[in-house]
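A.B. asks: My questions will all concern the structure given below.
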Amino acid sequence: MKKNVYPGKFLVFEGPDGSGQSTQAELLKNFLIKKKFKVVLTKEPTKTSRAGKKIEKILNKKNKTSPKELQKLFAEDRKWHLKNIIIPSLKEGIIVISDRYFFSSFAYGKSEGISLKYLIDLNKDFLLPDKTFILDVSPSVCISRIKKRGEETTLFEKEEKLEKVLKIYKTFPQKFENVVIINGEKSKKEVFSDIKNIVSKILK
Ligand SMILES: Nc1ncnc2c1ncn2[C@@H]1O[C@H](COP(=O)(O)OP(=O)(O)OP(=O)(O)O)[C@@H](O)[C@H]1O
Ligand SMILES: [Mg+2]
């Protein structure tokens with residue numbers, strides 16, 4: 001994994017489905033814009049790349065593939081994402097916030113039986129974020145939030161699956177640089193307050 005040598009900072013939100021990643025990413029974007037930073041909020045999988053379009057159909061259960069093929073598509077989409085959105089923005093000194101990144105591949109891919117070594121190798125040329133926030137929310141809470149949100153459930157949105165995914169996510173701070181676990185079960189505002197404190201240190 002490559003270190004970020006560009007002037008912009010690269011911040012990532014991760015966690016099980018329904019843990020509040022999109023909510024916190026949006027709060028952070030708005031906060032930083034108010035502070036006069038230039039910000040790009042982006043998301044994986046993208047809906048733009050060829051691979052991203054295929055992934056969308058698989059997650060929405062319209063197409064099927066093997067766990068490995070799915071992770072190859074994620075890596076292809078991520079390569080596109082870095083080349084077209086993330087790196088050009090970082091070069092201009094813009095703060096990039098990504099709603100999911102390669103730690104999603106590591107957690108969801110491993111939960112489907114793929115070895116972490118294989119997954120890391122598939123993503124080895126990609127940029128390491130300056131900070132990754134993993135939202136720690138119990139799967140039962142995640143599922144009840146997803147139900148309240150009222151959209152159709154996607155491929156991984158079952159409590160047993162999210163249980164495995166969360167357990168794997170929690171091992172990442174020991175394995176990778178710049179990863180922190182955030183208690184995501186508090187109110188949106190309280191969770192954001194913890195994130196804001198960490199981001200403020202990075203941007204100083
Ligand atoms: N701290 C919180 N307390 C209570 N509800 C929350 C909290 N954070 C988010 N929510 C609500 O839970 C639902 C899921 O949040 P959100 O869409 O941000 O999750 P997500 O992690 O982006 O999920 P996905 O991985 O499926 O995109 C939303 O309806 C959101 O308003
Ligand atoms: Mg989301």
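In the structure tokens, the first chain shown is A, the next is B, and so on; residue numbers restart at 1 for each chain, and ligands run from 1 in the order shown.
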Please give me, as a PyMOL selection string, the residues lying within 8 Å of ligand 2 when counting only C-alpha atoms and all ligand atoms.

C.D. replies: chain A and resi 17-18+20-23+99

A.B. asks: If the limit is 7 Å from any atom of ligand 1, counting only C-alpha atoms and all ligand atoms, which residues qualify? Return them as a short mmCIF file (atom, residue, chain, number, x, y, z; two decimals) with N, CA and C atoms, in the first residue's frame.

C.D. replies:
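What follows is the written file part-v7.cif:
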```cif
data_model
loop_
_atom_site.label_atom_id
_atom_site.label_comp_id
_atom_site.auth_asym_id
_atom_site.auth_seq_id
_atom_site.Cartn_x
_atom_site.Cartn_y
_atom_site.Cartn_z
N GLY A 15 -17.39 0.33 8.04
CA GLY A 15 -18.21 -0.29 9.07
C GLY A 15 -19.21 -1.21 8.42
N PRO A 16 -19.94 -1.97 9.24
CA PRO A 16 -20.97 -2.82 8.66
C PRO A 16 -22.11 -1.98 8.06
N ASP A 17 -22.89 -2.58 7.18
CA ASP A 17 -24.04 -1.89 6.58
C ASP A 17 -24.93 -1.33 7.68
N GLY A 18 -25.32 -0.09 7.56
CA GLY A 18 -26.22 0.52 8.53
C GLY A 18 -25.51 1.12 9.74
N SER A 19 -24.17 1.09 9.75
CA SER A 19 -23.45 1.60 10.92
C SER A 19 -23.38 3.13 10.97
N GLY A 20 -23.74 3.78 9.86
CA GLY A 20 -23.77 5.24 9.86
C GLY A 20 -22.65 5.90 9.06
N GLN A 21 -22.01 5.15 8.19
CA GLN A 21 -20.90 5.70 7.39
C GLN A 21 -21.34 6.89 6.54
N SER A 22 -22.44 6.72 5.82
CA SER A 22 -22.89 7.82 4.92
C SER A 22 -23.31 9.03 5.74
N THR A 23 -23.94 8.77 6.88
CA THR A 23 -24.37 9.85 7.77
C THR A 23 -23.16 10.66 8.26
N GLN A 24 -22.13 9.96 8.73
CA GLN A 24 -20.96 10.65 9.28
C GLN A 24 -20.12 11.31 8.18
N ARG A 145 -31.58 -0.18 12.06
CA ARG A 145 -31.42 1.10 11.33
C ARG A 145 -31.73 0.92 9.85
N ILE A 146 -31.26 -0.19 9.26
CA ILE A 146 -31.50 -0.44 7.83
C ILE A 146 -33.00 -0.58 7.57
N LYS A 148 -35.43 0.72 9.30
CA LYS A 148 -36.04 2.04 9.43
C LYS A 148 -35.82 2.88 8.19
N ARG A 149 -34.63 2.69 7.56
CA ARG A 149 -34.28 3.46 6.37
C ARG A 149 -35.24 3.14 5.22
N GLY A 184 -20.02 3.74 17.31
CA GLY A 184 -21.04 4.32 16.44
C GLY A 184 -22.45 4.15 16.97
N GLU A 185 -22.57 3.68 18.21
CA GLU A 185 -23.93 3.45 18.74
C GLU A 185 -24.50 4.65 19.47
N LYS A 186 -23.65 5.66 19.68
CA LYS A 186 -24.15 6.88 20.34
C LYS A 186 -24.98 7.69 19.33
N SER A 187 -25.46 8.86 19.74
CA SER A 187 -26.25 9.67 18.81
C SER A 187 -25.35 10.13 17.66
N LYS A 188 -25.98 10.51 16.55
CA LYS A 188 -25.22 10.97 15.38
C LYS A 188 -24.25 12.08 15.76
N VAL A 191 -21.30 10.77 17.96
CA VAL A 191 -20.35 10.03 17.12
C VAL A 191 -19.52 11.03 16.33
#
```

A.B. asks: DSSP on the backbone: which residues in stretch 11-66 of chain A end up as alpha helix (DSSP H)? Give the answer as a PyMOL selection string.

C.D. replies: chain A and resi 21-34+50-59

A.B. asks: Wanna dump the stretch 97-200 of chain A-stretch 54-70 of chain A contacts at 7 Å for me, each residue with its shortest atom pair and the distance in Å to one decimal, counting only C-alpha atoms, ordered by chain and number, as CSV?

C.D. replies:
```
residue,atom,partner,partner_atom,distance
A:Gly109,CA,A:Pro67,CA,6.7
A:Glu112,CA,A:Pro67,CA,6.4
A:Thr154,CA,A:Asn60,CA,5.2
A:Leu155,CA,A:Leu59,CA,5.0
```

A.B. asks: To one decimal place in Å, what is the distance between atom CA of A:Leu73 and atom CA of A:Leu41?

C.D. replies: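 Computed distance, atom CA of A:Leu73 to atom CA of A:Leu41, equals 21.6 Å.
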
A.B. asks: Among stretch 4-183 of chain A, which residues carry a DSSP assignment of strand (DSSP E or B), reported as a list of chain:residue names?

C.D. replies: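 Filtering stretch 4-183 of chain A down to strand (DSSP E or B) leaves A:Phe10, A:Leu11, A:Val12, A:Phe13, A:Glu14, A:Val39, A:Val40, A:Leu41, A:Thr42, A:Lys43, A:Ile95, A:Val96, A:Ile97, A:Ser98, A:Asp99, A:Leu127, A:Lys131, A:Thr132, A:Phe133, A:Ile134, A:Leu135, A:Asp136, A:Val179, A:Val180, A:Ile181, A:Ile182, A:Asn183.
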
A.B. asks: Rounded to one decimal, what separation in Å do you get between atom CA of A:Phe13 and atom CA of A:Ser98?

C.D. replies: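 Here the two named atoms are 6.4 Å from each other.
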
A.B. asks: Pick out the closest residue to A:Phe176 from this set: A:Leu128, A:Ile85, A:Ile195, A:Leu203. Count only C-alpha atoms.

C.D. replies: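 Of all the options, A:Leu128 lies closest to A:Phe176.
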
A.B. asks: Neighbouring residues of A:Lys164 were defined as those with any atom within 10 Å, considering only C-alpha atoms; residues of the same chain fewer than 2 positions away were excluded. Please report them as a list of chain:residue names.

C.D. replies: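 With the cut-off at 10 Å, the set is A:Pro16, A:Ala107, A:Tyr108, A:Lys110, A:Ser111, A:Glu112, A:Pro139, A:Glu159, A:Glu160, A:Lys161, A:Leu162, A:Leu166, A:Lys167, A:Ile168, A:Tyr169.
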
A.B. asks: The selected residues should be written to file as a compact mmCIF listing (two decimals), in the first residue's frame (atoms: N, CA and C atoms).

C.D. replies:
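And here's selection.txt as it stands now:
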```
# COMPACT_ATOMS: atom_id res chain seq x y z
N PRO A 16 -19.94 -1.97 9.24
CA PRO A 16 -20.97 -2.82 8.66
C PRO A 16 -22.11 -1.98 8.06
N ALA A 107 -12.87 -6.76 4.84
CA ALA A 107 -13.82 -7.29 5.84
C ALA A 107 -14.89 -8.18 5.19
N TYR A 108 -15.51 -7.68 4.12
CA TYR A 108 -16.59 -8.47 3.49
C TYR A 108 -16.00 -9.67 2.74
N LYS A 110 -13.18 -11.33 3.39
CA LYS A 110 -12.75 -12.35 4.36
C LYS A 110 -13.96 -13.05 4.99
N SER A 111 -15.04 -12.29 5.21
CA SER A 111 -16.25 -12.91 5.80
C SER A 111 -16.84 -13.96 4.86
N GLU A 112 -16.50 -13.87 3.57
CA GLU A 112 -16.98 -14.85 2.59
C GLU A 112 -15.95 -15.95 2.34
N PRO A 139 -24.48 -5.57 15.01
CA PRO A 139 -25.32 -5.91 13.86
C PRO A 139 -26.82 -5.79 14.12
N GLU A 159 -28.02 -10.25 9.76
CA GLU A 159 -27.32 -10.08 11.04
C GLU A 159 -26.10 -10.99 11.20
N GLU A 160 -26.22 -12.26 10.80
CA GLU A 160 -25.08 -13.20 10.96
C GLU A 160 -23.90 -12.75 10.09
N LYS A 161 -24.21 -12.26 8.90
CA LYS A 161 -23.13 -11.80 8.01
C LYS A 161 -22.45 -10.58 8.60
N LEU A 162 -23.24 -9.64 9.09
CA LEU A 162 -22.66 -8.42 9.64
C LEU A 162 -21.87 -8.70 10.91
N LEU A 166 -18.12 -7.35 11.26
CA LEU A 166 -17.70 -6.46 12.35
C LEU A 166 -16.49 -7.03 13.09
N LYS A 167 -16.53 -8.33 13.34
CA LYS A 167 -15.43 -8.99 14.06
C LYS A 167 -14.12 -8.82 13.29
N ILE A 168 -14.19 -8.94 11.99
CA ILE A 168 -12.98 -8.79 11.16
C ILE A 168 -12.52 -7.32 11.17
N TYR A 169 -13.47 -6.41 10.99
CA TYR A 169 -13.11 -4.98 11.03
C TYR A 169 -12.33 -4.63 12.29
```

A.B. asks: For A:Glu190, which of A:Asn4, A:Leu27, A:Glu157, A:Asp77 is the closest residue, counting only C-alpha atoms?

C.D. replies: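 Comparing A:Asn4, A:Leu27, A:Glu157, A:Asp77 against A:Glu190, the winner is A:Leu27.
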
A.B. asks: Which residues, written as a list in words, have at least one atom at most 10 Å from A:Tyr6, with only C-alpha atoms counted and residues fewer than 4 positions away on the same chain left out?

C.D. replies: Phe10, Ile87, Pro88, Ser89, Leu90, Lys91, Glu92, Gly93 and Ile94 of chain A

A.B. asks: Since we have the selection now, will you write its residues out, keeping C-alpha atoms, as an mmCIF file, in the first residue's frame?

C.D. replies:
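Written out: selection-v1.cif:
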```
data_model
loop_
_atom_site.group_PDB
_atom_site.id
_atom_site.type_symbol
_atom_site.label_atom_id
_atom_site.label_comp_id
_atom_site.auth_asym_id
_atom_site.auth_seq_id
_atom_site.Cartn_x
_atom_site.Cartn_y
_atom_site.Cartn_z
ATOM 1 C CA PHE A 10 -7.625 11.169 2.347
ATOM 2 C CA ILE A 87 -5.853 11.161 -6.760
ATOM 3 C CA PRO A 88 -6.714 14.139 -9.015
ATOM 4 C CA SER A 89 -8.462 15.750 -6.016
ATOM 5 C CA LEU A 90 -5.622 15.025 -3.567
ATOM 6 C CA LYS A 91 -3.152 16.541 -6.057
ATOM 7 C CA GLU A 92 -5.111 19.773 -5.901
ATOM 8 C CA GLY A 93 -4.984 19.820 -2.112
ATOM 9 C CA ILE A 94 -8.638 18.851 -1.730
#
```

A.B. asks: Let me make sure I understand: among A:Lys79, A:Arg50, A:Lys131, A:Lys170, which one has the smallest atom-to-atom distance to A:Lys196 if we use only C-alpha atoms?

C.D. replies: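 Of A:Lys79, A:Arg50, A:Lys131, A:Lys170, the one nearest A:Lys196, counting only C-alpha atoms, is A:Lys131.
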
A.B. asks: Please, what distance in Å, to one decimal, runs between atom CA of A:Asn197 and atom CA of A:Val180?

C.D. replies: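 Distance reported for this atom pair: 12.4 Å.
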